[in-house]
Amino acid sequence: MERKYILAINPGSTSTKVALYKNKEKVTTKKIEHNTEELEKFEKITEQYQYRLDMILNWLEKENIKTKELRAVVGRGGLLRSMPGGTYLVTDKMIDDLKIGIQGEHASNLGGIIAKGIGDKEGIKSFIVDPVAVDEFEEVARVSGMPDIKRKSLVHALNIKAVSHRAAKELKKDLSEINLVVAHLGGGISIAPVRKGRIIDVNNANEMGPFSPERAGGLPVGDLVKMCYSGEYTYKEIKKKLKGKGGLVAYLGTNDAKEVVDKIENGDNKAKLVFEAMGYQIGKEIGQMSVALNGDVDKIVITGGLAHAKMLTDYIEDMVKFIAPVTVYRGEDELEALNEGALRVLEGEEKEKIYEEEVNIND
């Protein structure tokens with residue numbers, strides 16, 4: 001039986017997204033929903049392994065696909081040790097770290113575990129691609145201004161790397177030859193200078209940079225400290241104001257960009273001001289990150305779910321097009337990005353990375 005498919009697996013908190021690819025062609029896809037009551041039976045996320053695996057195997061059976069037809073399996077990478085980006089072979093040491101939650105518990109930790117479970121059964125390779133633990137910061141970017149606090153790499157690495165490869169192909173160059181500024185615009189906003197394929201800096205989307213549909217972004221720190229000590233808010237309430245009830249939600253009562261655009265088109269001047277302010281902050285951050293590349297920028301890439309709002313991307317493009325040409329890739333497809341990462345290794349474009357060789361095991 002011919003091994004012709006790549007199975008991509010992206011576990012989320014209450015669902016597992018799966019897709020089958022034949023080379024770059026998506027053959028079929030499914031969002032497998034998980035019953036909350038079922039999930040609550042498991043004390044740790046990684047204990048959901050067999051439950052989620054069985055549901056994936058049942059889906060394959062319904063699609064009349066046998067695991068013997070799989071060429072490789074690729075899963076979403078989880079909270080591993082800090083590591084460079086790339087496509088990684090899932091190894092036993094990686095599985096150990098995913099199971100113990102070396103940097104925390106997250107549904108994405110199951111991606112590599114499930115991929116290896118299926119891959120080992122069939123004697124084929126299992127991979128993860130550009131996990132959330134990607135850290136390629138230069139040391140100068142880690143210094144915050146207060147020794148007690150270190151700037152951290154928290155970045156939408158999977159999508160940023162995927163669109164970086166796409167931009168390089170459009171420029172007819174290798175990713176290692178170009179510099180990009182990539183703005184991932186979603187529920188959180190990550191804006192990163194990508195130097196020759198490496199994400200050398202980024203705003204921490206939870207705490208810094210532009211405000212987003214639900215996050216407050218960088219704030220005047222003195223006023224924030226006063227608010228924290230005013231006695232009016234609990235720690236939990238402040239955290240919620242920063243992430244969950246910040247940004248568009250705080251100003252306009254919605255996190256839906258389409259709804260905001262509708263308000264603007266109906267003459268809502270407040271909505272227009274707030275939406276433009278978000279674009280203004282994004283544009284400023286892109287400018288800042290271009291400076292991290294000494295102004296040597298081949299292309300600016302705008303991507304993510306918010307990029308569907310042409311009103312927003314046009315505003316940003318008008319601000320930053322003097323720096324470099326701007327390309328907009330609207331939306332994101334994490335499953336496609338996983339497949340592309342696996343294909344780059346299987347087709348010899350890239351060498352697979354080995355976890356133990358790329359991370360500090362003694363951390």
# chains A, B, ... in the order shown; residues from 1 in each chain; ligands from 1
call {"tool": "residues_around", "arguments": {"residues": "stretch 34-50 of chain A", "least_positions_apart": "6", "cutoff": "8 Å", "atoms": "only C-alpha atoms", "output": "short mmCIF file (atom, residue, chain, number, x, y, z; two decimals) with all heavy atoms, in the first residue's frame"}}
result
data_model
loop_
_atom_site.label_atom_id
_atom_site.label_comp_id
_atom_site.auth_asym_id
_atom_site.auth_seq_id
_atom_site.Cartn_x
_atom_site.Cartn_y
_atom_site.Cartn_z
N THR A 14 -10.52 22.48 23.62
CA THR A 14 -11.77 21.70 23.57
C THR A 14 -11.99 21.03 22.23
O THR A 14 -13.09 20.53 21.96
CB THR A 14 -12.98 22.59 23.89
OG1 THR A 14 -13.05 23.66 22.92
CG2 THR A 14 -12.89 23.18 25.28
N SER A 15 -10.97 21.02 21.38
CA SER A 15 -11.11 20.36 20.07
C SER A 15 -9.73 19.92 19.58
O SER A 15 -8.70 20.36 20.10
CB SER A 15 -11.74 21.30 19.05
OG SER A 15 -10.85 22.36 18.73
N THR A 16 -9.74 19.04 18.60
CA THR A 16 -8.51 18.66 17.91
C THR A 16 -8.76 18.82 16.41
O THR A 16 -9.63 18.17 15.85
CB THR A 16 -8.12 17.20 18.21
OG1 THR A 16 -7.98 17.02 19.62
CG2 THR A 16 -6.80 16.85 17.53
N LEU A 98 7.30 16.96 27.17
CA LEU A 98 5.90 17.27 26.90
C LEU A 98 5.00 16.68 27.98
O LEU A 98 4.02 17.32 28.42
CB LEU A 98 5.49 16.73 25.53
CG LEU A 98 6.06 17.46 24.31
CD1 LEU A 98 5.79 16.66 23.04
CD2 LEU A 98 5.49 18.86 24.18
N LYS A 99 5.33 15.48 28.43
CA LYS A 99 4.49 14.81 29.44
C LYS A 99 4.57 15.50 30.80
O LYS A 99 3.55 15.62 31.49
CB LYS A 99 4.89 13.35 29.57
CG LYS A 99 4.39 12.48 28.43
CD LYS A 99 4.77 11.02 28.62
CE LYS A 99 4.16 10.14 27.53
NZ LYS A 99 4.58 8.72 27.66
N GLU A 105 1.54 23.26 31.28
CA GLU A 105 0.57 22.39 30.61
C GLU A 105 -0.19 23.17 29.56
O GLU A 105 -0.63 24.30 29.80
CB GLU A 105 -0.40 21.81 31.63
CG GLU A 105 0.14 20.61 32.38
CD GLU A 105 -0.98 19.76 32.94
OE1 GLU A 105 -1.54 18.94 32.19
OE2 GLU A 105 -1.31 19.94 34.11
N HIS A 106 -0.35 22.60 28.39
CA HIS A 106 -1.09 23.23 27.31
C HIS A 106 -1.55 22.12 26.37
O HIS A 106 -0.85 21.12 26.20
CB HIS A 106 -0.21 24.23 26.57
CG HIS A 106 -0.96 25.11 25.62
ND1 HIS A 106 -1.22 24.75 24.31
CD2 HIS A 106 -1.52 26.34 25.79
CE1 HIS A 106 -1.91 25.73 23.72
NE2 HIS A 106 -2.10 26.69 24.60
N ALA A 107 -2.72 22.29 25.77
CA ALA A 107 -3.25 21.26 24.87
C ALA A 107 -2.27 20.94 23.74
O ALA A 107 -2.18 19.79 23.28
CB ALA A 107 -4.59 21.70 24.29
N ASN A 109 0.74 20.48 23.87
CA ASN A 109 1.72 19.46 24.29
C ASN A 109 1.36 18.08 23.76
O ASN A 109 2.22 17.22 23.59
CB ASN A 109 1.80 19.40 25.83
CG ASN A 109 2.48 20.62 26.44
OD1 ASN A 109 2.78 21.57 25.75
ND2 ASN A 109 2.70 20.58 27.74
N LEU A 110 0.07 17.87 23.50
CA LEU A 110 -0.39 16.57 23.00
C LEU A 110 -0.02 16.34 21.54
O LEU A 110 -0.02 15.20 21.07
CB LEU A 110 -1.91 16.44 23.16
CG LEU A 110 -2.41 16.19 24.59
CD1 LEU A 110 -3.89 16.52 24.68
CD2 LEU A 110 -2.16 14.74 24.99
N ILE A 113 3.04 14.15 21.12
CA ILE A 113 2.81 12.84 21.74
C ILE A 113 1.93 11.96 20.84
O ILE A 113 2.24 10.79 20.59
CB ILE A 113 2.18 13.00 23.15
CG1 ILE A 113 3.09 13.83 24.06
CG2 ILE A 113 1.91 11.64 23.78
CD1 ILE A 113 2.47 14.20 25.41
N ILE A 114 0.83 12.56 20.35
CA ILE A 114 -0.07 11.79 19.47
C ILE A 114 0.63 11.46 18.16
O ILE A 114 0.51 10.34 17.63
CB ILE A 114 -1.37 12.57 19.22
CG1 ILE A 114 -2.16 12.73 20.53
CG2 ILE A 114 -2.24 11.86 18.18
CD1 ILE A 114 -3.36 13.66 20.44
#
call {"tool": "select_by_dssp", "arguments": {"residues": "stretch 72-268 of chain A", "states": "strand (DSSP E)", "output": "PyMOL selection string"}}
result
chain A and resi 72-76+87-89+125-129+179-185+189-195+198-199
call {"tool": "closest_residue", "arguments": {"among": "A:Lys161, A:Lys263, A:Lys245, A:Arg81", "to": "A:Glu340", "atoms": "only C-alpha atoms"}}
result
A:Lys161
call {"tool": "residues_around", "arguments": {"residues": "A:Leu20", "least_positions_apart": "2", "cutoff": "9 Å", "atoms": "only C-alpha atoms", "output": "mmCIF file with C-alpha atoms, in the first residue's frame"}}
result
data_model
loop_
_atom_site.group_PDB
_atom_site.id
_atom_site.type_symbol
_atom_site.label_atom_id
_atom_site.label_comp_id
_atom_site.auth_asym_id
_atom_site.auth_seq_id
_atom_site.Cartn_x
_atom_site.Cartn_y
_atom_site.Cartn_z
ATOM 1 C CA TYR A 5 -0.478 11.122 3.028
ATOM 2 C CA ILE A 6 0.793 13.452 5.743
ATOM 3 C CA LEU A 7 -1.467 13.648 8.798
ATOM 4 C CA ALA A 8 -1.409 17.052 10.585
ATOM 5 C CA VAL A 18 -6.828 17.323 11.882
ATOM 6 C CA LYS A 22 -1.132 14.633 -0.334
ATOM 7 C CA GLU A 25 -3.015 19.354 -1.489
ATOM 8 C CA LYS A 26 -5.448 19.234 1.427
ATOM 9 C CA VAL A 27 -7.429 16.014 0.932
ATOM 10 C CA THR A 28 -9.762 16.286 3.927
ATOM 11 C CA THR A 29 -9.978 18.078 7.251
ATOM 12 C CA LEU A 70 0.550 7.654 6.014
ATOM 13 C CA ASN A 339 2.204 20.166 6.604
#
call {"tool": "residues_around", "arguments": {"residues": "A:Arg198", "least_positions_apart": "5", "cutoff": "9 Å", "atoms": "only C-alpha atoms", "output": "mmCIF file with all heavy atoms, in the first residue's frame"}}
result
data_model
loop_
_atom_site.group_PDB
_atom_site.id
_atom_site.type_symbol
_atom_site.label_atom_id
_atom_site.label_comp_id
_atom_site.auth_asym_id
_atom_site.auth_seq_id
_atom_site.Cartn_x
_atom_site.Cartn_y
_atom_site.Cartn_z
ATOM 1 N N PRO A 84 15.351 26.909 19.014
ATOM 2 C CA PRO A 84 15.263 27.595 17.726
ATOM 3 C C PRO A 84 14.085 27.048 16.925
ATOM 4 O O PRO A 84 13.604 25.941 17.182
ATOM 5 C CB PRO A 84 16.594 27.232 17.036
ATOM 6 C CG PRO A 84 17.457 26.634 18.087
ATOM 7 C CD PRO A 84 16.548 26.064 19.119
ATOM 8 N N GLY A 85 13.635 27.828 15.943
ATOM 9 C CA GLY A 85 12.549 27.373 15.090
ATOM 10 C C GLY A 85 13.005 26.264 14.164
ATOM 11 O O GLY A 85 14.192 25.961 14.045
ATOM 12 N N GLU A 136 14.519 32.696 19.543
ATOM 13 C CA GLU A 136 15.709 32.985 18.745
ATOM 14 C C GLU A 136 16.219 34.400 19.027
ATOM 15 O O GLU A 136 16.921 35.002 18.224
ATOM 16 C CB GLU A 136 15.378 32.816 17.255
ATOM 17 C CG GLU A 136 14.962 31.400 16.904
ATOM 18 C CD GLU A 136 14.410 31.238 15.498
ATOM 19 O OE1 GLU A 136 13.835 32.213 14.967
ATOM 20 O OE2 GLU A 136 14.555 30.144 14.926
ATOM 21 N N PHE A 137 15.842 34.924 20.199
ATOM 22 C CA PHE A 137 16.235 36.287 20.569
ATOM 23 C C PHE A 137 17.752 36.448 20.592
ATOM 24 O O PHE A 137 18.480 35.561 21.049
ATOM 25 C CB PHE A 137 15.722 36.614 21.976
ATOM 26 C CG PHE A 137 14.351 37.229 22.023
ATOM 27 C CD1 PHE A 137 13.456 37.081 20.987
ATOM 28 C CD2 PHE A 137 13.947 37.960 23.131
ATOM 29 C CE1 PHE A 137 12.187 37.643 21.041
ATOM 30 C CE2 PHE A 137 12.689 38.528 23.202
ATOM 31 C CZ PHE A 137 11.809 38.374 22.157
ATOM 32 N N LYS A 161 6.657 31.964 10.868
ATOM 33 C CA LYS A 161 7.644 31.214 10.075
ATOM 34 C C LYS A 161 7.041 30.766 8.743
ATOM 35 O O LYS A 161 7.701 30.817 7.698
ATOM 36 C CB LYS A 161 8.138 30.001 10.861
ATOM 37 C CG LYS A 161 8.973 30.335 12.088
ATOM 38 C CD LYS A 161 10.420 30.581 11.720
ATOM 39 C CE LYS A 161 11.278 30.674 12.971
ATOM 40 N NZ LYS A 161 12.712 30.736 12.657
ATOM 41 N N SER A 176 17.165 32.315 4.210
ATOM 42 C CA SER A 176 18.408 32.706 4.869
ATOM 43 C C SER A 176 19.073 33.913 4.215
ATOM 44 O O SER A 176 20.080 34.410 4.719
ATOM 45 C CB SER A 176 19.394 31.529 4.861
ATOM 46 O OG SER A 176 19.753 31.199 3.537
ATOM 47 N N PRO A 193 10.825 41.112 13.842
ATOM 48 C CA PRO A 193 11.848 41.212 12.812
ATOM 49 C C PRO A 193 12.423 39.816 12.572
ATOM 50 O O PRO A 193 12.843 39.139 13.516
ATOM 51 C CB PRO A 193 12.893 42.145 13.441
ATOM 52 C CG PRO A 193 12.720 41.994 14.914
ATOM 53 C CD PRO A 193 11.324 41.505 15.165
#
call {"tool": "closest_residue", "arguments": {"among": "A:Asn206, A:Asn23, A:Thr67, A:Gln281", "to": "A:Gly246", "atoms": "only C-alpha atoms"}}
result
A:Asn206
call {"tool": "closest_residue", "arguments": {"among": "A:Arg195, A:Lys62, A:Lys121, A:Arg52", "to": "A:Val297", "atoms": "only C-alpha atoms"}}
result
A:Arg195
call {"tool": "residues_around", "arguments": {"residues": "A:Tyr251", "least_positions_apart": "4", "cutoff": "12 Å", "atoms": "only C-alpha atoms", "output": "count of residues only"}}
result
20
call {"tool": "closest_residue", "arguments": {"among": "A:Leu185, A:Ala133, A:Ile300, A:Leu338", "to": "A:Ala168", "atoms": "only C-alpha atoms"}}
result
A:Ile300
call {"tool": "closest_residue", "arguments": {"among": "A:Val140, A:Val155, A:Ala162, A:Ile100", "to": "A:Ala342", "atoms": "only C-alpha atoms"}}
result
A:Ala162
call {"tool": "closest_residue", "arguments": {"among": "A:Leu80, A:Leu154, A:Ala19, A:Met94", "to": "A:Glu334", "atoms": "only C-alpha atoms"}}
result
A:Ala19
call {"tool": "residues_around", "arguments": {"residues": "A:Gly111", "least_positions_apart": "4", "cutoff": "10 Å", "atoms": "only C-alpha atoms", "output": "list in words"}}
result
Ala8, Ile9, Asn10, Pro11, Gly12, Thr16, Thr46, Tyr49, Val73, Val74, Gly75, Arg76, Gly77, Gly78, Val90, Leu98, Ala107, Ala115, Lys116, Phe127, Ile128 and Pro131 of chain A
call {"tool": "residues_around", "arguments": {"residues": "A:Tyr315", "least_positions_apart": "4", "cutoff": "9 Å", "atoms": "only C-alpha atoms", "output": "list in words"}}
result
Glu276, Gly279, Tyr280, Gly283, Lys310, Met311 and Met319 of chain A
call {"tool": "select_by_dssp", "arguments": {"residues": "stretch 173-226 of chain A", "states": "helix (DSSP H, G or I)", "output": "PyMOL selection string"}}
result
chain A and resi 175-177+221-226
